[in-house]
Each structure stands twice: as C-alpha cells, then as structure tokens.
Amino acid sequence: MIKIIPANVGQIKIIQKIAQKTWPATFSSILSSKQIDYMLDMMYSDEALQAQITNLNHCFLLAAQDDVYLGFLSYETPYKGEAKTKIHKIYIMPEAQGLGIGKKLMGAVEAIATNKGDKQLLLNVNKHNEAEKFYKYLGFEIIATENIDIGSGFLMEDKVMAKEVNK
C-alpha cells in the first residue's frame with residue numbers, strides 16, 4: 001500500500017535521491033545535461049531545500065511503499081497571499097511511474113487545498129514535458145505561458161496550468 005507522508009528537513013537526502021534519479025529520465029530529451037546539473041544544484045542542494053522548507057514555506061509530501069520512497073511533491077499555500085495552492089514539484093521514480101503514485105500525491109495536495117479553502121491549484125510544466133497530458137487528465141487547463149530566467153544563461157520555458165477547487 002502506498003502511503004503519503006509529510007516530509008521534514010531530516011528527509012532532505014530522500015528528496016535529493018529521488019530528484020537525482022528522476023531528473024535525467026524526465027528532462028534528458030528536453031534540456032541539456034549542463035542545464036539539468038545546474039537546476040538540480042540550484043533547487044536540490046542541502047541549502048536550497050532547507051531554504052525552501054523553512055523560509056519559502058514549501059511543504060513536501062513523500063510517497064512510500066514498504067519504507068521505499070517512490071516520489072515526492074512540494075507545494076505552497078497560500079500562494080502569493082491568495083487562496084491558491086502552488087504545486088512546485090512532483091517527481092515519481094521511473095520504475096514506479098504508472099502505478100498511480102502521481103495521482104495519489106496530486107489527490108493529497110488537492111485535499112489539503114480544499115480543506116484550507118483555496119480556490120485554485122497552480123503548477124508550471126516545461127512546454128515540452130509529456131507530464132502535461134497527466135495534468136490535463138486530472139482536470140488542469142493551460143492558463144498562460146512564461147519564460148523564467150534562472151541564471152547562467154538558462155531559461156525555463158513553461159506552461160502555467162490551473163485547476164479550480166472549492167467551486
């Protein structure tokens with residue numbers, strides 16, 4: 001049985017291990033290895049994760065089965081002071097994809113948003129990422145596009161997707 005549990009700063013190494021496994025599998029056909037390495041360091045170093053959890057109010061959920069961690073999701077609520085929940089990250093180990101783990105993580109964050117009275121779930125997805133189909137399946141719609149300069153000459157070219165909750 002897959003359990004969804006809140007993560008804490010003591011589980012940063014678990015988050016990093018999942019990111020190190022999933023990012024190359026997810027992005028190698030979309031981004032250069034140099035950009036993948038840069039972004040992994042920028043978002044998943046000990047310092048970056050510590051800051052996300054403690055200063056930026058990112059909450060992480062871990063998906064586990066029999067004490068084996070299979071994926072994570074991070075979110076922020078309220079997002080920009082509004083009744084919105086922003087999903088910042090969701091990654092499932094390649095060998096565990098297709099088992100319903102992503103759906104279970106997304107269901108957990110939707111329940112959290114609903115319980116808090118938020119009106120909308122938001123997320124960004126790379127414009128070439130196949131995960132867009134998964135998000136559409138869950139009821140998300142594209143509401144905008146944005147290009148985000150992340151430094152060192154790298155750009156994140158994303159679609160912004162939203163799903164209404166608490167209608």
# chains A, B, ... in the order shown; residues from 1 in each chain; ligands from 1
$ select_by_dssp --residues "segment 2-136 of chain A" --states "helix (DSSP H, G or I)" --output "ChimeraX atom specification"
/A:9-27,33-44,46-54,94-96,101-116,131-136
$ write_last_selection --atoms "C-alpha atoms" --output "compact mmCIF listing (two decimals), in the first residue's frame"
# COMPACT_ATOMS: atom_id res chain seq x y z
CA VAL A 9 14.19 18.69 6.85
CA GLY A 10 15.54 15.37 8.14
CA GLN A 11 14.38 13.77 4.89
CA ILE A 12 16.22 16.10 2.51
CA LYS A 13 18.52 13.26 1.41
CA ILE A 14 15.48 11.21 0.33
CA ILE A 15 14.16 14.12 -1.75
CA GLN A 16 17.61 14.59 -3.32
CA LYS A 17 17.92 10.89 -4.16
CA ILE A 18 14.54 10.90 -5.95
CA ALA A 19 15.43 14.12 -7.82
CA GLN A 20 18.81 12.71 -8.92
CA LYS A 21 17.06 9.64 -10.36
CA THR A 22 14.05 11.32 -11.92
CA TRP A 23 15.50 14.47 -13.47
CA PRO A 24 17.74 12.83 -16.09
CA ALA A 25 14.93 10.43 -17.04
CA THR A 26 12.42 13.29 -17.26
CA PHE A 27 14.46 16.02 -18.88
CA SER A 33 22.84 17.83 -19.26
CA LYS A 34 24.54 21.10 -18.25
CA GLN A 35 21.15 22.72 -17.54
CA ILE A 36 19.91 19.63 -15.69
CA ASP A 37 23.00 19.67 -13.45
CA TYR A 38 22.64 23.43 -12.88
CA MET A 39 18.96 23.15 -11.96
CA LEU A 40 19.48 20.13 -9.69
CA ASP A 41 22.12 22.05 -7.78
CA MET A 42 20.01 25.24 -7.73
CA MET A 43 16.85 23.52 -6.45
CA TYR A 44 18.04 20.41 -4.61
CA ASP A 46 21.06 20.90 1.02
CA GLU A 47 20.94 24.69 1.35
CA ALA A 48 18.28 25.15 -1.33
CA LEU A 49 15.95 22.51 0.13
CA GLN A 50 16.49 23.79 3.67
CA ALA A 51 15.55 27.31 2.50
CA GLN A 52 12.50 26.05 0.59
CA ILE A 53 11.19 24.19 3.61
CA THR A 54 11.99 26.77 6.29
CA PRO A 94 10.98 5.96 -13.22
CA GLU A 95 10.38 2.37 -12.12
CA ALA A 96 7.27 3.44 -10.17
CA ILE A 101 1.57 7.39 -7.24
CA GLY A 102 1.37 10.74 -9.03
CA LYS A 103 -2.41 10.64 -8.90
CA LYS A 104 -2.28 9.83 -5.19
CA LEU A 105 0.14 12.72 -4.47
CA MET A 106 -1.98 15.13 -6.51
CA GLY A 107 -5.11 13.94 -4.70
CA ALA A 108 -3.42 14.57 -1.36
CA VAL A 109 -2.46 18.14 -2.25
CA GLU A 110 -5.92 18.82 -3.68
CA ALA A 111 -7.45 17.64 -0.39
CA ILE A 112 -5.09 19.94 1.53
CA ALA A 113 -6.02 22.90 -0.70
CA THR A 114 -9.72 22.13 -0.38
CA ASN A 115 -9.50 21.86 3.41
CA LYS A 116 -7.73 25.23 3.57
CA ALA A 131 3.52 15.30 -17.99
CA GLU A 132 1.20 17.97 -19.40
CA LYS A 133 -1.09 15.12 -20.54
CA PHE A 134 -1.23 13.77 -16.99
CA TYR A 135 -2.17 17.18 -15.61
CA LYS A 136 -4.91 17.62 -18.22
$ residues_around --residues "Asp66 of chain A" --least-positions-apart "3" --cutoff "9 Å" --atoms "only C-alpha atoms" --output "CSV table (one decimal) with N, CA, C and O atoms, in the first residue's frame"
chain,number,residue,atom,x,y,z
A,1,MET,N,0.8,-1.2,0.0
A,1,MET,CA,0.0,0.0,0.0
A,1,MET,C,0.9,1.2,0.0
A,1,MET,O,1.9,1.3,0.7
A,2,ILE,N,0.5,2.2,-0.8
A,2,ILE,CA,1.3,3.4,-0.9
A,2,ILE,C,0.8,4.4,0.1
A,2,ILE,O,-0.4,4.7,0.2
A,3,LYS,N,1.7,5.0,0.9
A,3,LYS,CA,1.4,5.9,1.9
A,3,LYS,C,1.9,7.3,1.5
A,3,LYS,O,3.0,7.4,0.9
A,69,TYR,N,10.9,4.9,-0.7
A,69,TYR,CA,10.4,6.1,-1.2
A,69,TYR,C,10.3,6.1,-2.7
A,69,TYR,O,11.3,5.9,-3.4
$ select_by_dssp --residues "chain A" --states "strand (DSSP E or B)" --output "VMD selection string"
chain A and resid 2 to 6 59 to 65 68 to 76 79 82 84 to 92 120 to 126 141 to 151 154 to 164
$ closest_residue --among "A:Glu82, A:Asp67, A:Asp149, A:Glu141" --to "Gly117 of chain A" --atoms "only C-alpha atoms"
A:Glu82
$ atom_distance --atom1 "atom CA of Leu61 of chain A" --atom2 "atom CA of Leu123 of chain A"
15.6 Å
$ residues_around --residues "Gln97 of chain A" --least-positions-apart "6" --cutoff "10 Å" --atoms "only C-alpha atoms" --output "number ranges by chain"
A: 70-71, 91
$ residues_around --residues "Leu73 of chain A" --least-positions-apart "6" --cutoff "6 Å" --atoms "only C-alpha atoms" --output "PyMOL selection string"
chain A and resi 60-61+89-90
$ write_last_selection --atoms "C-alpha atoms" --output "mmCIF file, in the first residue's frame"
data_model
loop_
_atom_site.group_PDB
_atom_site.id
_atom_site.type_symbol
_atom_site.label_atom_id
_atom_site.label_comp_id
_atom_site.auth_asym_id
_atom_site.auth_seq_id
_atom_site.Cartn_x
_atom_site.Cartn_y
_atom_site.Cartn_z
ATOM 1 C CA PHE A 60 6.916 18.293 0.814
ATOM 2 C CA LEU A 61 4.910 15.085 0.656
ATOM 3 C CA LYS A 89 7.473 19.926 -7.851
ATOM 4 C CA ILE A 90 6.213 16.408 -8.443
#
$ closest_residue --among "A:Ile4, A:Ile142, A:Val165, A:Leu122" --to "Phe72 of chain A" --atoms "only C-alpha atoms"
A:Ile4
$ decode --residues "segment 121-137 of chain A" --atoms "N, CA, C and O atoms" --output "PDB file, in the first residue's frame"
ATOM      1  N   LEU A 121      -5.639  25.304  -7.742  1.00  0.00           N
ATOM      2  CA  LEU A 121      -4.322  24.666  -7.757  1.00  0.00           C
ATOM      3  C   LEU A 121      -3.586  25.194  -8.979  1.00  0.00           C
ATOM      4  O   LEU A 121      -4.181  25.305 -10.061  1.00  0.00           O
ATOM      5  N   LEU A 122      -2.319  25.515  -8.817  1.00  0.00           N
ATOM      6  CA  LEU A 122      -1.489  26.002  -9.915  1.00  0.00           C
ATOM      7  C   LEU A 122      -0.237  25.146 -10.039  1.00  0.00           C
ATOM      8  O   LEU A 122       0.257  24.620  -9.040  1.00  0.00           O
ATOM      9  N   LEU A 123       0.296  25.054 -11.244  1.00  0.00           N
ATOM     10  CA  LEU A 123       1.590  24.415 -11.449  1.00  0.00           C
ATOM     11  C   LEU A 123       2.179  24.900 -12.762  1.00  0.00           C
ATOM     12  O   LEU A 123       1.466  25.408 -13.622  1.00  0.00           O
ATOM     13  N   ASN A 124       3.476  24.756 -12.878  1.00  0.00           N
ATOM     14  CA  ASN A 124       4.176  25.039 -14.131  1.00  0.00           C
ATOM     15  C   ASN A 124       4.698  23.724 -14.680  1.00  0.00           C
ATOM     16  O   ASN A 124       5.129  22.849 -13.916  1.00  0.00           O
ATOM     17  N   VAL A 125       4.688  23.593 -16.007  1.00  0.00           N
ATOM     18  CA  VAL A 125       5.235  22.407 -16.661  1.00  0.00           C
ATOM     19  C   VAL A 125       6.030  22.879 -17.879  1.00  0.00           C
ATOM     20  O   VAL A 125       5.598  23.792 -18.594  1.00  0.00           O
ATOM     21  N   ASN A 126       7.193  22.279 -18.087  1.00  0.00           N
ATOM     22  CA  ASN A 126       8.003  22.615 -19.255  1.00  0.00           C
ATOM     23  C   ASN A 126       7.164  22.408 -20.506  1.00  0.00           C
ATOM     24  O   ASN A 126       6.412  21.437 -20.612  1.00  0.00           O
ATOM     25  N   LYS A 127       7.318  23.327 -21.451  1.00  0.00           N
ATOM     26  CA  LYS A 127       6.464  23.293 -22.642  1.00  0.00           C
ATOM     27  C   LYS A 127       6.633  22.020 -23.471  1.00  0.00           C
ATOM     28  O   LYS A 127       5.777  21.714 -24.295  1.00  0.00           O
ATOM     29  N   HIS A 128       7.690  21.254 -23.245  1.00  0.00           N
ATOM     30  CA  HIS A 128       7.904  20.006 -23.978  1.00  0.00           C
ATOM     31  C   HIS A 128       7.700  18.757 -23.106  1.00  0.00           C
ATOM     32  O   HIS A 128       7.938  17.645 -23.568  1.00  0.00           O
ATOM     33  N   ASN A 129       7.293  18.937 -21.866  1.00  0.00           N
ATOM     34  CA  ASN A 129       7.188  17.812 -20.936  1.00  0.00           C
ATOM     35  C   ASN A 129       5.886  17.037 -21.176  1.00  0.00           C
ATOM     36  O   ASN A 129       4.796  17.612 -21.172  1.00  0.00           O
ATOM     37  N   GLU A 130       6.026  15.745 -21.330  1.00  0.00           N
ATOM     38  CA  GLU A 130       4.869  14.864 -21.545  1.00  0.00           C
ATOM     39  C   GLU A 130       3.915  14.848 -20.347  1.00  0.00           C
ATOM     40  O   GLU A 130       2.761  14.441 -20.490  1.00  0.00           O
ATOM     41  N   ALA A 131       4.379  15.292 -19.192  1.00  0.00           N
ATOM     42  CA  ALA A 131       3.525  15.303 -17.994  1.00  0.00           C
ATOM     43  C   ALA A 131       2.307  16.204 -18.175  1.00  0.00           C
ATOM     44  O   ALA A 131       1.316  16.055 -17.462  1.00  0.00           O
ATOM     45  N   GLU A 132       2.353  17.098 -19.130  1.00  0.00           N
ATOM     46  CA  GLU A 132       1.202  17.969 -19.398  1.00  0.00           C
ATOM     47  C   GLU A 132      -0.062  17.130 -19.626  1.00  0.00           C
ATOM     48  O   GLU A 132      -1.151  17.489 -19.160  1.00  0.00           O
ATOM     49  N   LYS A 133       0.070  16.001 -20.290  1.00  0.00           N
ATOM     50  CA  LYS A 133      -1.088  15.122 -20.543  1.00  0.00           C
ATOM     51  C   LYS A 133      -1.678  14.603 -19.229  1.00  0.00           C
ATOM     52  O   LYS A 133      -2.893  14.512 -19.074  1.00  0.00           O
ATOM     53  N   PHE A 134      -0.799  14.254 -18.298  1.00  0.00           N
ATOM     54  CA  PHE A 134      -1.232  13.770 -16.986  1.00  0.00           C
ATOM     55  C   PHE A 134      -2.014  14.862 -16.262  1.00  0.00           C
ATOM     56  O   PHE A 134      -3.088  14.607 -15.710  1.00  0.00           O
ATOM     57  N   TYR A 135      -1.497  16.082 -16.288  1.00  0.00           N
ATOM     58  CA  TYR A 135      -2.171  17.183 -15.608  1.00  0.00           C
ATOM     59  C   TYR A 135      -3.537  17.474 -16.242  1.00  0.00           C
ATOM     60  O   TYR A 135      -4.510  17.740 -15.530  1.00  0.00           O
ATOM     61  N   LYS A 136      -3.612  17.412 -17.549  1.00  0.00           N
ATOM     62  CA  LYS A 136      -4.906  17.617 -18.225  1.00  0.00           C
ATOM     63  C   LYS A 136      -5.888  16.521 -17.828  1.00  0.00           C
ATOM     64  O   LYS A 136      -7.068  16.787 -17.595  1.00  0.00           O
ATOM     65  N   TYR A 137      -5.405  15.289 -17.742  1.00  0.00           N
ATOM     66  CA  TYR A 137      -6.231  14.154 -17.306  1.00  0.00           C
ATOM     67  C   TYR A 137      -6.825  14.423 -15.915  1.00  0.00           C
ATOM     68  O   TYR A 137      -7.961  14.050 -15.627  1.00  0.00           O
TER      69      TYR A 137
END
